[in-house]
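Next comes start_30.cif, with mmCIF, C-alpha atoms and all ligand atoms.
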```
data_input
#
loop_
_atom_site.group_PDB
_atom_site.id
_atom_site.type_symbol
_atom_site.label_atom_id
_atom_site.label_comp_id
_atom_site.auth_asym_id
_atom_site.auth_seq_id
_atom_site.Cartn_x
_atom_site.Cartn_y
_atom_site.Cartn_z
ATOM 1 C CA MET A 1 -42.460 -35.094 -79.692
ATOM 2 C CA THR A 2 -45.243 -32.613 -79.369
ATOM 3 C CA CYS A 3 -45.552 -29.536 -77.230
ATOM 4 C CA ILE A 4 -47.726 -30.124 -74.198
ATOM 5 C CA LYS A 5 -48.940 -26.555 -74.295
ATOM 6 C CA CYS A 6 -49.862 -25.821 -77.889
ATOM 7 C CA GLY A 7 -49.681 -29.280 -79.500
ATOM 8 C CA SER A 8 -47.124 -28.250 -82.150
ATOM 9 C CA ASP A 9 -44.521 -30.815 -83.167
ATOM 10 C CA ASN A 10 -41.960 -28.143 -83.988
ATOM 11 C CA VAL A 11 -39.935 -28.942 -80.870
ATOM 12 C CA SER A 12 -36.180 -29.000 -80.473
ATOM 13 C CA VAL A 13 -34.364 -30.817 -77.701
ATOM 14 C CA GLN A 14 -31.358 -29.177 -76.099
ATOM 15 C CA VAL A 15 -28.832 -30.500 -73.648
ATOM 16 C CA ILE A 16 -27.925 -27.935 -71.076
ATOM 17 C CA ASN A 17 -25.269 -28.036 -68.416
ATOM 18 C CA GLU A 18 -26.399 -26.994 -64.991
ATOM 19 C CA GLN A 19 -23.963 -25.984 -62.306
ATOM 20 C CA GLN A 20 -25.052 -25.775 -58.755
ATOM 21 C CA LEU A 21 -23.023 -25.043 -55.691
ATOM 22 C CA VAL A 22 -23.299 -27.906 -53.279
ATOM 23 C CA ASN A 23 -21.745 -26.208 -50.300
ATOM 24 C CA LYS A 24 -23.610 -23.487 -48.561
ATOM 25 C CA HIS A 25 -22.141 -20.046 -48.347
ATOM 26 C CA HIS A 26 -22.472 -18.090 -45.177
ATOM 27 C CA GLY A 27 -23.818 -14.606 -45.260
ATOM 28 C CA LEU A 28 -22.434 -11.480 -43.678
ATOM 29 C CA ILE A 29 -24.644 -11.766 -40.607
ATOM 30 C CA TRP A 30 -23.358 -15.265 -39.977
ATOM 31 C CA TRP A 31 -19.781 -13.963 -40.042
ATOM 32 C CA ILE A 32 -20.569 -11.093 -37.670
ATOM 33 C CA PHE A 33 -22.293 -13.217 -35.025
ATOM 34 C CA ILE A 34 -20.818 -16.666 -35.396
ATOM 35 C CA GLY A 35 -17.981 -16.772 -37.904
ATOM 36 C CA PHE A 36 -15.431 -14.731 -35.936
ATOM 37 C CA TRP A 37 -15.339 -17.172 -33.024
ATOM 38 C CA TRP A 38 -16.629 -20.342 -34.643
ATOM 39 C CA VAL A 39 -14.076 -20.485 -37.429
ATOM 40 C CA PRO A 40 -10.974 -20.365 -35.128
ATOM 41 C CA ILE A 41 -12.540 -22.906 -32.763
ATOM 42 C CA LYS A 42 -13.469 -25.100 -35.677
ATOM 43 C CA TRP A 43 -9.916 -24.841 -36.949
ATOM 44 C CA LEU A 44 -8.520 -25.841 -33.578
ATOM 45 C CA PHE A 45 -10.733 -28.852 -33.118
ATOM 46 C CA LEU A 46 -11.168 -29.960 -36.686
ATOM 47 C CA THR A 47 -7.735 -29.472 -38.216
ATOM 48 C CA VAL A 48 -6.472 -32.846 -37.014
ATOM 49 C CA PRO A 49 -9.543 -34.818 -38.172
ATOM 50 C CA ALA A 50 -9.532 -32.810 -41.396
ATOM 51 C CA LEU A 51 -5.934 -33.830 -42.018
ATOM 52 C CA ILE A 52 -6.844 -37.450 -41.399
ATOM 53 C CA PHE A 53 -9.702 -37.174 -43.858
ATOM 54 C CA ALA A 54 -7.370 -35.501 -46.350
ATOM 55 C CA ILE A 55 -4.919 -38.391 -46.028
ATOM 56 C CA PHE A 56 -7.673 -40.860 -46.778
ATOM 57 C CA GLY A 57 -8.568 -38.870 -49.855
ATOM 58 C CA ARG A 58 -11.976 -37.593 -48.970
ATOM 59 C CA LYS A 59 -12.577 -34.542 -51.057
ATOM 60 C CA LYS A 60 -15.416 -32.124 -50.857
ATOM 61 C CA GLN A 61 -17.214 -31.623 -54.071
ATOM 62 C CA ARG A 62 -17.916 -27.993 -54.599
ATOM 63 C CA ILE A 63 -19.613 -27.871 -57.947
ATOM 64 C CA LYS A 64 -22.066 -30.439 -59.104
ATOM 65 C CA ASN A 65 -22.471 -30.709 -62.838
ATOM 66 C CA THR A 66 -25.670 -32.141 -64.102
ATOM 67 C CA GLN A 67 -26.579 -32.565 -67.706
ATOM 68 C CA LYS A 68 -30.169 -32.072 -68.450
ATOM 69 C CA SER A 69 -32.210 -32.343 -71.594
ATOM 70 C CA ILE A 70 -34.877 -29.788 -72.179
ATOM 71 C CA ALA A 71 -37.326 -29.499 -75.011
ATOM 72 C CA VAL A 72 -38.086 -26.104 -76.466
ATOM 73 C CA CYS A 73 -41.167 -25.514 -78.521
ATOM 74 C CA GLN A 74 -40.350 -23.370 -81.546
ATOM 75 C CA ASN A 75 -43.972 -22.403 -81.874
ATOM 76 C CA CYS A 76 -44.888 -20.974 -78.467
ATOM 77 C CA GLY A 77 -41.548 -20.987 -76.622
ATOM 78 C CA ASN A 78 -42.659 -23.453 -73.983
ATOM 79 C CA LYS A 79 -39.811 -25.295 -72.255
ATOM 80 C CA TRP A 80 -40.013 -28.510 -70.301
ATOM 81 C CA ASP A 81 -37.819 -31.291 -69.007
ATOM 82 C CA VAL A 82 -37.515 -34.360 -71.164
HETATM 83 ZN ZN ZN B 101 -45.769 -25.034 -77.969
#
```
Go through the file and emit its structure as structure tokens.
Amino acid sequence: MTCIKCGSDNVSVQVINEQQLVNKHHGLIWWIFIGFWWVPIKWLFLTVPALIFAIFGRKKQRIKNTQKSIAVCQNCGNKWDV
């Protein structure tokens, strides 16, 4: 493998673990304007369906792990996806 930037073949490949949050987090403004009334209403109307979903084993995935290989050029420090 050769570096696409400088053409050196002194390239090492690393496997990195990326973690990304799948669910969105609400900001402070959301809580001030919407969260204080929306969350109780949501609880009232969604608790029963949520329980049904829980019984059927549907789980929300919070953290998505993806393994990714990247190549690092030892000559110029360029990094790119393999
Ligand atoms: Zn390079």
**Study point:** Test item: residues lying within 12 Å of ligand ZN 101 (chain B) with all atoms listed in the file, as JSON, numbers by chain
**Key:** {"A": [1, 2, 3, 4, 5, 6, 7, 8, 9, 10, 11, 12, 71, 72, 73, 74, 75, 76, 77, 78, 79, 80]}
Practice item. Determine the nearest neighbour of Asn17 of chain A from the options A:Ile55, A:Trp30, A:Asn65, A:Trp38, counting all atoms listed in the file. Key: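 Residue with the minimum atom-to-atom distance to Asn17 of chain A: A:Asn65.
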Practice item. Go ahead and compute the interatomic distance for atom CA of Gln67 of chain A and atom CA of Gln19 of chain A, in Å to one decimal. Key: 8.9 Å
Check your understanding: the PyMOL selection byres (((chain A and resi 82) around 6) and not hetatm) on the file shown: which residues, as a list in words?
Key ->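 Applied to this file, the PyMOL selection byres (((chain A and resi 82) around 6) and not hetatm) returns Ser69, Ile70 and Asp81 of chain A.
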Review point. What is the distance, in Å and to one decimal place, between atom CA of Lys64 of chain A and atom CA of Phe45 of chain A?
Key: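 So the two atoms, atom CA of Lys64 of chain A and atom CA of Phe45 of chain A, lie 28.4 Å apart.
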Exercise for review: Would you work out the distance separating atom CA of Gly27 of chain A from atom CA of Leu44 of chain A, expressed in Å to one decimal?
Suggested key: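 These atoms are spaced 22.3 Å apart.
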